[in-house]
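A.B. asks: Here you go, this is final.pdb (PDB, C-alpha atoms and all ligand atoms).
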```
MODEL        1
ATOM      1  CA  MET L   1     132.643 123.107  94.119  1.00  0.00           C
ATOM      2  CA  ASP L   2     134.280 123.265  97.563  1.00  0.00           C
ATOM      3  CA  GLN L   3     137.574 121.470  97.964  1.00  0.00           C
ATOM      4  CA  PRO L   4     136.996 118.204  99.862  1.00  0.00           C
ATOM      5  CA  ALA L   5     137.928 118.293 103.553  1.00  0.00           C
ATOM      6  CA  ILE L   6     140.169 115.263 103.028  1.00  0.00           C
ATOM      7  CA  GLU L   7     141.935 114.483  99.747  1.00  0.00           C
ATOM      8  CA  VAL L   8     144.215 111.493  99.424  1.00  0.00           C
ATOM      9  CA  ARG L   9     145.896 110.733  96.104  1.00  0.00           C
ATOM     10  CA  ASP L  10     147.858 107.639  95.068  1.00  0.00           C
ATOM     11  CA  LEU L  11     148.993 106.989  98.606  1.00  0.00           C
ATOM     12  CA  VAL L  12     151.712 104.441  99.279  1.00  0.00           C
ATOM     13  CA  VAL L  13     152.461 103.655 102.940  1.00  0.00           C
ATOM     14  CA  GLY L  14     154.483 100.828 104.430  1.00  0.00           C
ATOM     15  CA  TYR L  15     156.707  99.798 107.265  1.00  0.00           C
ATOM     16  CA  GLY L  16     159.856  98.833 105.378  1.00  0.00           C
ATOM     17  CA  SER L  17     158.798  95.904 103.238  1.00  0.00           C
ATOM     18  CA  ALA L  18     155.815  95.598 100.874  1.00  0.00           C
ATOM     19  CA  PRO L  19     153.492  98.599 101.217  1.00  0.00           C
ATOM     20  CA  VAL L  20     150.396  98.181 103.348  1.00  0.00           C
ATOM     21  CA  LEU L  21     148.551 100.782 101.274  1.00  0.00           C
ATOM     22  CA  ASP L  22     149.462 100.866  97.613  1.00  0.00           C
ATOM     23  CA  GLY L  23     147.898 103.533  95.428  1.00  0.00           C
ATOM     24  CA  LEU L  24     145.003 104.478  97.711  1.00  0.00           C
ATOM     25  CA  SER L  25     142.882 107.492  96.790  1.00  0.00           C
ATOM     26  CA  LEU L  26     140.033 108.959  98.818  1.00  0.00           C
ATOM     27  CA  GLU L  27     137.995 112.143  98.966  1.00  0.00           C
ATOM     28  CA  VAL L  28     135.803 113.085 101.906  1.00  0.00           C
ATOM     29  CA  PRO L  29     133.648 116.106 101.009  1.00  0.00           C
ATOM     30  CA  ARG L  30     133.144 118.751 103.696  1.00  0.00           C
ATOM     31  CA  GLY L  31     130.156 118.053 105.925  1.00  0.00           C
ATOM     32  CA  THR L  32     130.104 114.323 105.216  1.00  0.00           C
ATOM     33  CA  ALA L  33     131.326 111.124 106.875  1.00  0.00           C
ATOM     34  CA  THR L  34     133.222 108.194 105.377  1.00  0.00           C
ATOM     35  CA  CYS L  35     133.776 104.910 107.173  1.00  0.00           C
ATOM     36  CA  VAL L  36     136.552 102.546 106.114  1.00  0.00           C
ATOM     37  CA  ILE L  37     136.013  98.876 106.797  1.00  0.00           C
ATOM     38  CA  GLY L  38     138.266  95.876 106.177  1.00  0.00           C
ATOM     39  CA  GLU L  39     139.682  92.797 107.855  1.00  0.00           C
ATOM     40  CA  ASN L  40     142.364  92.924 110.561  1.00  0.00           C
ATOM     41  CA  GLY L  41     145.596  94.165 109.040  1.00  0.00           C
ATOM     42  CA  ALA L  42     143.919  95.669 105.942  1.00  0.00           C
ATOM     43  CA  GLY L  43     145.532  99.037 106.693  1.00  0.00           C
ATOM     44  CA  LYS L  44     142.664 101.074 108.167  1.00  0.00           C
ATOM     45  CA  SER L  45     144.692 102.453 111.081  1.00  0.00           C
ATOM     46  CA  THR L  46     147.637 103.049 108.768  1.00  0.00           C
ATOM     47  CA  LEU L  47     145.372 105.178 106.557  1.00  0.00           C
ATOM     48  CA  LEU L  48     143.960 107.112 109.520  1.00  0.00           C
ATOM     49  CA  ARG L  49     147.436 107.652 110.988  1.00  0.00           C
ATOM     50  CA  THR L  50     148.663 108.999 107.655  1.00  0.00           C
ATOM     51  CA  VAL L  51     145.659 111.306 107.212  1.00  0.00           C
ATOM     52  CA  SER L  52     146.232 112.510 110.784  1.00  0.00           C
ATOM     53  CA  GLY L  53     149.836 113.385 109.916  1.00  0.00           C
ATOM     54  CA  LEU L  54     151.246 110.808 112.327  1.00  0.00           C
ATOM     55  CA  GLN L  55     152.734 108.566 109.637  1.00  0.00           C
ATOM     56  CA  ARG L  56     154.779 109.637 106.617  1.00  0.00           C
ATOM     57  CA  PRO L  57     153.719 108.241 103.256  1.00  0.00           C
ATOM     58  CA  GLU L  58     156.316 106.784 100.906  1.00  0.00           C
ATOM     59  CA  ALA L  59     154.483 108.345  97.976  1.00  0.00           C
ATOM     60  CA  GLY L  60     151.285 110.165  97.143  1.00  0.00           C
ATOM     61  CA  SER L  61     149.674 113.189  98.732  1.00  0.00           C
ATOM     62  CA  VAL L  62     147.334 113.941 101.611  1.00  0.00           C
ATOM     63  CA  LEU L  63     145.533 117.236 102.144  1.00  0.00           C
ATOM     64  CA  VAL L  64     143.302 117.949 105.122  1.00  0.00           C
ATOM     65  CA  LEU L  65     141.374 121.217 104.809  1.00  0.00           C
ATOM     66  CA  GLY L  66     143.743 122.067 101.991  1.00  0.00           C
ATOM     67  CA  ARG L  67     146.942 121.593 103.973  1.00  0.00           C
ATOM     68  CA  GLU L  68     149.447 118.832 104.496  1.00  0.00           C
ATOM     69  CA  PRO L  69     148.400 117.255 107.812  1.00  0.00           C
ATOM     70  CA  GLY L  70     150.313 117.488 111.033  1.00  0.00           C
ATOM     71  CA  THR L  71     152.862 120.019 109.927  1.00  0.00           C
ATOM     72  CA  ASP L  72     151.696 122.897 112.113  1.00  0.00           C
ATOM     73  CA  ALA L  73     149.587 123.767 115.126  1.00  0.00           C
ATOM     74  CA  GLU L  74     146.767 125.031 112.900  1.00  0.00           C
ATOM     75  CA  HIS L  75     146.136 121.427 111.810  1.00  0.00           C
ATOM     76  CA  TRP L  76     145.616 120.327 115.409  1.00  0.00           C
ATOM     77  CA  ARG L  77     143.269 123.273 116.133  1.00  0.00           C
ATOM     78  CA  GLN L  78     140.886 121.980 113.466  1.00  0.00           C
ATOM     79  CA  VAL L  79     141.439 118.247 113.466  1.00  0.00           C
ATOM     80  CA  VAL L  80     140.758 115.761 116.267  1.00  0.00           C
ATOM     81  CA  THR L  81     142.156 112.267 116.008  1.00  0.00           C
ATOM     82  CA  THR L  82     141.767 109.284 118.303  1.00  0.00           C
ATOM     83  CA  VAL L  83     144.148 107.156 116.269  1.00  0.00           C
ATOM     84  CA  GLU L  84     146.775 107.256 119.008  1.00  0.00           C
ATOM     85  CA  PRO L  85     145.522 105.895 122.337  1.00  0.00           C
ATOM     86  CA  PRO L  86     145.372 108.744 124.863  1.00  0.00           C
ATOM     87  CA  SER L  87     147.916 109.086 127.675  1.00  0.00           C
ATOM     88  CA  TRP L  88     146.359 109.820 131.044  1.00  0.00           C
ATOM     89  CA  TYR L  89     148.077 112.358 133.275  1.00  0.00           C
ATOM     90  CA  PRO L  90     148.763 110.879 136.724  1.00  0.00           C
ATOM     91  CA  GLY L  91     146.898 112.787 139.416  1.00  0.00           C
ATOM     92  CA  LEU L  92     144.349 114.427 137.105  1.00  0.00           C
ATOM     93  CA  THR L  93     140.706 113.398 137.269  1.00  0.00           C
ATOM     94  CA  ALA L  94     138.509 112.643 134.271  1.00  0.00           C
ATOM     95  CA  ARG L  95     136.959 116.138 134.558  1.00  0.00           C
ATOM     96  CA  GLU L  96     140.396 117.760 134.753  1.00  0.00           C
ATOM     97  CA  HIS L  97     141.439 115.965 131.553  1.00  0.00           C
ATOM     98  CA  ALA L  98     138.407 117.393 129.735  1.00  0.00           C
ATOM     99  CA  GLU L  99     139.034 120.843 131.218  1.00  0.00           C
ATOM    100  CA  LEU L 100     142.647 120.746 130.030  1.00  0.00           C
ATOM    101  CA  VAL L 101     141.354 120.225 126.507  1.00  0.00           C
ATOM    102  CA  THR L 102     138.801 123.062 126.745  1.00  0.00           C
ATOM    103  CA  ARG L 103     141.377 125.474 128.220  1.00  0.00           C
ATOM    104  CA  ALA L 104     143.953 124.597 125.559  1.00  0.00           C
ATOM    105  CA  HIS L 105     141.346 125.429 122.920  1.00  0.00           C
ATOM    106  CA  GLY L 106     140.374 128.713 124.569  1.00  0.00           C
ATOM    107  CA  LEU L 107     136.747 127.873 125.340  1.00  0.00           C
ATOM    108  CA  ASP L 108     135.201 130.553 127.569  1.00  0.00           C
ATOM    109  CA  ASP L 109     132.667 128.147 129.030  1.00  0.00           C
ATOM    110  CA  GLY L 110     135.098 125.226 129.173  1.00  0.00           C
ATOM    111  CA  ASP L 111     133.968 123.839 132.506  1.00  0.00           C
ATOM    112  CA  ALA L 112     130.311 123.855 131.428  1.00  0.00           C
ATOM    113  CA  ALA L 113     131.283 122.273 128.090  1.00  0.00           C
ATOM    114  CA  ALA L 114     133.146 119.529 129.940  1.00  0.00           C
ATOM    115  CA  GLU L 115     130.076 118.963 132.122  1.00  0.00           C
ATOM    116  CA  ARG L 116     127.845 118.684 129.036  1.00  0.00           C
ATOM    117  CA  ALA L 117     130.265 116.273 127.320  1.00  0.00           C
ATOM    118  CA  PHE L 118     130.237 114.026 130.396  1.00  0.00           C
ATOM    119  CA  GLU L 119     126.424 114.062 130.439  1.00  0.00           C
ATOM    120  CA  LEU L 120     126.308 113.363 126.719  1.00  0.00           C
ATOM    121  CA  LEU L 121     128.681 110.404 126.892  1.00  0.00           C
ATOM    122  CA  GLY L 122     127.007 108.901 129.964  1.00  0.00           C
ATOM    123  CA  LEU L 123     129.910 109.671 132.281  1.00  0.00           C
ATOM    124  CA  ALA L 124     127.976 111.734 134.820  1.00  0.00           C
ATOM    125  CA  GLY L 125     129.066 110.607 138.266  1.00  0.00           C
ATOM    126  CA  HIS L 126     132.551 109.692 137.068  1.00  0.00           C
ATOM    127  CA  GLU L 127     133.914 113.232 136.785  1.00  0.00           C
ATOM    128  CA  ASP L 128     136.149 112.863 139.825  1.00  0.00           C
ATOM    129  CA  SER L 129     137.443 109.395 138.965  1.00  0.00           C
ATOM    130  CA  MET L 130     140.994 108.852 137.833  1.00  0.00           C
ATOM    131  CA  PRO L 131     140.856 107.753 134.186  1.00  0.00           C
ATOM    132  CA  THR L 132     142.995 104.718 134.990  1.00  0.00           C
ATOM    133  CA  SER L 133     140.292 103.520 137.419  1.00  0.00           C
ATOM    134  CA  LEU L 134     137.539 103.596 134.763  1.00  0.00           C
ATOM    135  CA  SER L 135     136.379 100.489 132.930  1.00  0.00           C
ATOM    136  CA  SER L 136     137.626 100.039 129.363  1.00  0.00           C
ATOM    137  CA  GLY L 137     134.272 101.199 127.936  1.00  0.00           C
ATOM    138  CA  GLN L 138     134.249 104.217 130.270  1.00  0.00           C
ATOM    139  CA  LYS L 139     137.800 105.085 129.160  1.00  0.00           C
ATOM    140  CA  GLN L 140     136.570 104.962 125.567  1.00  0.00           C
ATOM    141  CA  ARG L 141     133.660 107.240 126.504  1.00  0.00           C
ATOM    142  CA  LEU L 142     136.133 109.655 128.124  1.00  0.00           C
ATOM    143  CA  THR L 143     138.339 109.595 125.015  1.00  0.00           C
ATOM    144  CA  LEU L 144     135.294 110.491 122.908  1.00  0.00           C
ATOM    145  CA  ALA L 145     134.110 113.144 125.398  1.00  0.00           C
ATOM    146  CA  MET L 146     137.534 114.789 125.060  1.00  0.00           C
ATOM    147  CA  ALA L 147     137.187 114.648 121.265  1.00  0.00           C
ATOM    148  CA  PHE L 148     133.705 116.210 121.259  1.00  0.00           C
ATOM    149  CA  VAL L 149     134.284 118.793 123.986  1.00  0.00           C
ATOM    150  CA  ARG L 150     136.453 121.072 121.859  1.00  0.00           C
ATOM    151  CA  PRO L 151     135.708 122.856 118.611  1.00  0.00           C
ATOM    152  CA  SER L 152     136.910 121.101 115.460  1.00  0.00           C
ATOM    153  CA  ARG L 153     136.149 120.766 111.754  1.00  0.00           C
ATOM    154  CA  VAL L 154     137.410 117.227 111.146  1.00  0.00           C
ATOM    155  CA  LEU L 155     137.163 114.116 113.318  1.00  0.00           C
ATOM    156  CA  ILE L 156     139.391 111.099 112.569  1.00  0.00           C
ATOM    157  CA  LEU L 157     138.266 108.176 114.710  1.00  0.00           C
ATOM    158  CA  ASP L 158     139.754 104.685 114.773  1.00  0.00           C
ATOM    159  CA  GLU L 159     137.052 102.193 115.744  1.00  0.00           C
ATOM    160  CA  PRO L 160     135.142 104.590 118.028  1.00  0.00           C
ATOM    161  CA  GLU L 161     132.650 101.802 118.807  1.00  0.00           C
ATOM    162  CA  GLN L 162     135.354  99.641 120.385  1.00  0.00           C
ATOM    163  CA  ARG L 163     134.514  98.462 123.917  1.00  0.00           C
ATOM    164  CA  LEU L 164     131.184 100.343 123.909  1.00  0.00           C
ATOM    165  CA  ASP L 165     127.925  98.632 124.802  1.00  0.00           C
ATOM    166  CA  PRO L 166     125.082  98.708 122.227  1.00  0.00           C
ATOM    167  CA  ASP L 167     123.378 101.775 123.754  1.00  0.00           C
ATOM    168  CA  ALA L 168     126.627 103.721 123.770  1.00  0.00           C
ATOM    169  CA  ARG L 169     127.283 102.698 120.152  1.00  0.00           C
ATOM    170  CA  SER L 170     123.897 104.165 119.113  1.00  0.00           C
ATOM    171  CA  LEU L 171     124.609 107.270 121.148  1.00  0.00           C
ATOM    172  CA  VAL L 172     127.994 107.821 119.505  1.00  0.00           C
ATOM    173  CA  ALA L 173     126.548 107.128 116.038  1.00  0.00           C
ATOM    174  CA  GLY L 174     123.984 109.875 116.760  1.00  0.00           C
ATOM    175  CA  LEU L 175     126.687 112.284 117.949  1.00  0.00           C
ATOM    176  CA  LEU L 176     128.596 111.716 114.720  1.00  0.00           C
ATOM    177  CA  ARG L 177     125.446 112.348 112.655  1.00  0.00           C
ATOM    178  CA  ASP L 178     124.912 115.616 114.568  1.00  0.00           C
ATOM    179  CA  TYR L 179     128.560 116.596 114.056  1.00  0.00           C
ATOM    180  CA  VAL L 180     128.175 116.137 110.297  1.00  0.00           C
ATOM    181  CA  ALA L 181     124.802 117.940 110.284  1.00  0.00           C
ATOM    182  CA  GLY L 182     126.654 120.859 111.907  1.00  0.00           C
ATOM    183  CA  GLY L 183     129.106 121.001 108.983  1.00  0.00           C
ATOM    184  CA  GLY L 184     131.874 118.780 110.388  1.00  0.00           C
ATOM    185  CA  THR L 185     133.677 116.084 108.440  1.00  0.00           C
ATOM    186  CA  VAL L 186     134.332 112.581 109.773  1.00  0.00           C
ATOM    187  CA  LEU L 187     136.713 109.844 108.666  1.00  0.00           C
ATOM    188  CA  LEU L 188     136.423 106.701 110.735  1.00  0.00           C
ATOM    189  CA  ALA L 189     137.400 103.044 110.668  1.00  0.00           C
ATOM    190  CA  SER L 190     135.090 100.412 112.073  1.00  0.00           C
ATOM    191  CA  HIS L 191     134.449  96.688 112.273  1.00  0.00           C
ATOM    192  CA  ASP L 192     130.766  97.240 113.043  1.00  0.00           C
ATOM    193  CA  GLU L 193     128.791  97.833 109.855  1.00  0.00           C
ATOM    194  CA  LYS L 194     125.562  98.479 111.787  1.00  0.00           C
ATOM    195  CA  PHE L 195     127.328 101.194 113.768  1.00  0.00           C
ATOM    196  CA  ALA L 196     128.847 102.587 110.548  1.00  0.00           C
ATOM    197  CA  ALA L 197     125.416 102.751 108.896  1.00  0.00           C
ATOM    198  CA  GLY L 198     124.049 104.454 112.021  1.00  0.00           C
ATOM    199  CA  THR L 199     126.569 107.265 111.664  1.00  0.00           C
ATOM    200  CA  GLY L 200     125.216 107.997 108.181  1.00  0.00           C
ATOM    201  CA  ALA L 201     128.718 107.527 106.769  1.00  0.00           C
ATOM    202  CA  LEU L 202     129.506 106.382 103.277  1.00  0.00           C
ATOM    203  CA  VAL L 203     130.988 102.931 103.878  1.00  0.00           C
ATOM    204  CA  THR L 204     133.957 101.812 101.807  1.00  0.00           C
ATOM    205  CA  SER L 205     136.911  99.450 102.183  1.00  0.00           C
ATOM    206  CA  VAL L 206     140.669  99.770 101.910  1.00  0.00           C
ATOM    207  CA  ALA L 207     140.520  97.353  98.955  1.00  0.00           C
ATOM    208  CA  GLU L 208     137.964  99.537  97.132  1.00  0.00           C
ATOM    209  CA  LEU L 209     139.995 102.673  97.789  1.00  0.00           C
ATOM    210  CA  CYS L 210     143.173 101.060  96.421  1.00  0.00           C
ATOM    211  CA  GLY L 211     141.404 100.296  93.140  1.00  0.00           C
ATOM    212  CA  PRO L 212     142.103  97.403  90.803  1.00  0.00           C
TER     213      PRO L 212
HETATM  214  N1  LIG N 301     154.401 100.066 113.465  1.00  0.00           N
HETATM  215  C1  LIG N 301     154.336  99.053 112.584  1.00  0.00           C
HETATM  216  N2  LIG N 301     155.444  98.399 112.186  1.00  0.00           N
HETATM  217  C2  LIG N 301     155.378  97.395 111.278  1.00  0.00           C
HETATM  218  N3  LIG N 301     154.234  96.960 110.727  1.00  0.00           N
HETATM  219  C3  LIG N 301     153.092  97.560 111.092  1.00  0.00           C
HETATM  220  C4  LIG N 301     153.083  98.649 112.034  1.00  0.00           C
HETATM  221  N4  LIG N 301     151.805  99.066 112.193  1.00  0.00           N
HETATM  222  C5  LIG N 301     151.051  98.274 111.392  1.00  0.00           C
HETATM  223  N5  LIG N 301     151.821  97.375 110.744  1.00  0.00           N
HETATM  224  C6  LIG N 301     151.346  96.373 109.780  1.00  0.00           C
HETATM  225  O1  LIG N 301     150.588  97.024 108.784  1.00  0.00           O
HETATM  226  C7  LIG N 301     149.456  96.240 108.421  1.00  0.00           C
HETATM  227  C8  LIG N 301     148.200  97.084 108.559  1.00  0.00           C
HETATM  228  O2  LIG N 301     148.013  97.391 109.942  1.00  0.00           O
HETATM  229  P1  LIG N 301     146.841  98.352 110.413  1.00  0.00           P
HETATM  230  O3  LIG N 301     146.976  98.503 111.881  1.00  0.00           O
HETATM  231  O4  LIG N 301     146.837  99.572 109.585  1.00  0.00           O
HETATM  232  O5  LIG N 301     145.563  97.468 110.030  1.00  0.00           O
HETATM  233  P2  LIG N 301     144.035  97.634 110.459  1.00  0.00           P
HETATM  234  O6  LIG N 301     143.221  97.477 109.206  1.00  0.00           O
HETATM  235  O7  LIG N 301     143.827  98.892 111.201  1.00  0.00           O
HETATM  236  O8  LIG N 301     143.844  96.367 111.385  1.00  0.00           O
HETATM  237  P3  LIG N 301     142.839  96.096 112.632  1.00  0.00           P
HETATM  238  O9  LIG N 301     141.481  95.828 112.037  1.00  0.00           O
HETATM  239  O10 LIG N 301     143.420  94.877 113.230  1.00  0.00           O
HETATM  240  O11 LIG N 301     142.851  97.288 113.536  1.00  0.00           O
HETATM  241  C9  LIG N 301     149.487  94.996 109.309  1.00  0.00           C
HETATM  242  O12 LIG N 301     150.013  93.923 108.562  1.00  0.00           O
HETATM  243  C10 LIG N 301     150.407  95.370 110.441  1.00  0.00           C
HETATM  244  O13 LIG N 301     151.138  94.257 110.907  1.00  0.00           O
ENDMDL
END
```
Will you turn the file into structure tokens for me?

C.D. replies:
Amino acid sequence: MDQPAIEVRDLVVGYGSAPVLDGLSLEVPRGTATCVIGENGAGKSTLLRTVSGLQRPEAGSVLVLGREPGTDAEHWRQVVTTVEPPSWYPGLTAREHAELVTRAHGLDDGDAAAERAFELLGLAGHEDSMPTSLSSGQKQRLTLAMAFVRPSRVLILDEPEQRLDPDARSLVAGLLRDYVAGGGTVLLASHDEKFAAGTGALVTSVAELCGP
């Protein structure tokens, strides 16, 4: 059987005192989605940050596509994460942000791809806006457009439904289903179980993953 896209074993992560995650294990098979739920402070973002390679575990192991995450550029060519809030470049429009991403990833038809991503995420008409002038939901749409506009094999999304209206939540759930149908792997955290079910993800909780 194929190695899972994401393999987490006996993970211990903390911030100096008692660990937030203590003995968490998780496997996300390739071409599937898993959604982690749990109350505020349960450790969902901590898990996603660690799987993204942005947080060092105290113990345990994490493999993403068979490699330790975040250690080299190859990781970032294949993995998209929205765990860290994006920084907007002063003076660059929404379209120019998306085009930066497509150029950095060597897409030949980058400008057309950016156009399609804006259409898809309901941002048509906002291409020439400064990201800082967009509403909070539009900024979230732009963040997701920048995630979907480039090729990737794994998406790690922290509460992608946040600040989105119900129609946009359904739209994004559908995009995630399509991403998985195309062979991609998704790990997300969410507080919206209806949204999570709509993505087709296996829904689990930090508590379940940490075992007894
Ligand atoms: N940088 C940090 N320094 C110290 N403690 C932190 C840090 N980041 C998170 N924590 C603590 O770790 C615990 C888990 O936080 P985390 O953000 O992973 O939870 P979460 O499940 O994503 O919560 P939410 O649903 O509110 O987004 C919390 O108790 C939080 O206070």

A.B. asks: Within 10 Å of (144.1, 105.3, 110.0) (coordinates as in the file), grab all the protein and nucleic acid residues, counting all atoms listed in the file, and write them out as a list in words.

C.D. replies: Val36, Gly43, Lys44, Ser45, Thr46, Leu47, Leu48, Arg49, Thr50, Val51, Ser52, Gly53, Leu54, Gln55, Thr81, Thr82, Val83, Glu84, Ile156, Leu157, Asp158, Glu159, Leu187, Leu188 and Ala189 of chain L

A.B. asks: Please, what distance in Å, to one decimal, runs between atom CA of L:Pro57 and atom CA of L:Tyr15?

C.D. replies: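 Going from atom CA of L:Pro57 over to atom CA of L:Tyr15, I get 9.8 Å.
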
A.B. asks: Which residues are near L:Ala197? Cut-off 12 Å, all atoms listed in the file, ignore same chain within fewer than 4 positions. Put them as a PyMOL selection string.

C.D. replies: chain L and resi 33-37+169-170+173-174+176-177+188+190-193+201-204

A.B. asks: Looking at L:Gly198, L:Leu123, L:Ala207, L:His97, which one is nearest to ligand LIG 301 (chain N), with distances taken over all atoms listed in the file?

C.D. replies: L:Ala207

A.B. asks: Determine the axis-aligned bounding box of all atoms of ligand LIG 301 (chain N) present in the file, pad each side by 3 Å, and express its centre and edge lengths in Å to one decimal place as JSON.

C.D. replies:
```
{"center_x": 148.5, "center_y": 97.0, "center_z": 111.0, "size_x": 20.0, "size_y": 12.1, "size_z": 11.1}
```

A.B. asks: Name the residues in contact with stretch 129-145 of chain L at a cut-off of 9 Å, using only C-alpha atoms, excluding same-chain residues fewer than 6 positions from it; report them as a list in words.

C.D. replies: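 Answer for this query is Thr82, Pro85, Pro86, Trp88, Tyr89, Pro90, Gly91, Leu92, Thr93, Ala94, Arg95, His97, Ala98, Ala114, Ala117, Phe118, Leu120, Leu121, Gly122, Leu123, Pro160, Glu161, Gln162, Arg163, Leu164, Asp165, Ala168 and Val172 of chain L.
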
A.B. asks: Considering all atoms listed in the file, can you say which of L:His105, L:Arg9, L:Arg116, L:Lys194 comes closest to L:Gly211?

C.D. replies: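 Nearest candidate to L:Gly211 out of L:His105, L:Arg9, L:Arg116, L:Lys194: L:Arg9.
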
A.B. asks: When distances are computed from all atoms listed in the file, which of L:Gly125, L:Arg77, L:Gly16, L:Thr32 shows the smallest separation from L:Thr199?

C.D. replies: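 Closest to L:Thr199, using all atoms listed in the file: L:Thr32.
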
A.B. asks: Check which residues satisfy the PyMOL selection byres (((chain L and resi 183-185) around 9) and not hetatm) in the file shown, then give them as a list in words.

C.D. replies: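 After applying the PyMOL selection byres (((chain L and resi 183-185) around 9) and not hetatm), what remains is Ala5, Ile6, Val28, Pro29, Arg30, Gly31, Thr32, Ala33, Thr34, Ser152, Arg153, Val154, Leu155, Ile156, Leu176, Asp178, Tyr179, Val180, Ala181, Gly182, Val186 and Leu187 of chain L.
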
A.B. asks: Measuring atom to atom with only C-alpha atoms and all ligand atoms, identify which of L:Gly38, L:Gly66, L:Pro4, L:Gly23 is nearest to ligand LIG 301 (chain N).

C.D. replies: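 Comparing L:Gly38, L:Gly66, L:Pro4, L:Gly23 against ligand LIG 301 (chain N), the winner is L:Gly38.
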
A.B. asks: So which one's closest to L:Val20, L:Ala42, L:Pro69, L:Val80, L:Ala59? Using only C-alpha atoms, please.

C.D. replies: L:Ala42

A.B. asks: With distances taken over all atoms listed in the file, which residue among L:Ser87, L:Ser25, L:Gln78, L:Ser17 lies nearest ligand LIG 301 (chain N)?

C.D. replies: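 Of L:Ser87, L:Ser25, L:Gln78, L:Ser17, the one nearest ligand LIG 301 (chain N), counting all atoms listed in the file, is L:Ser17.
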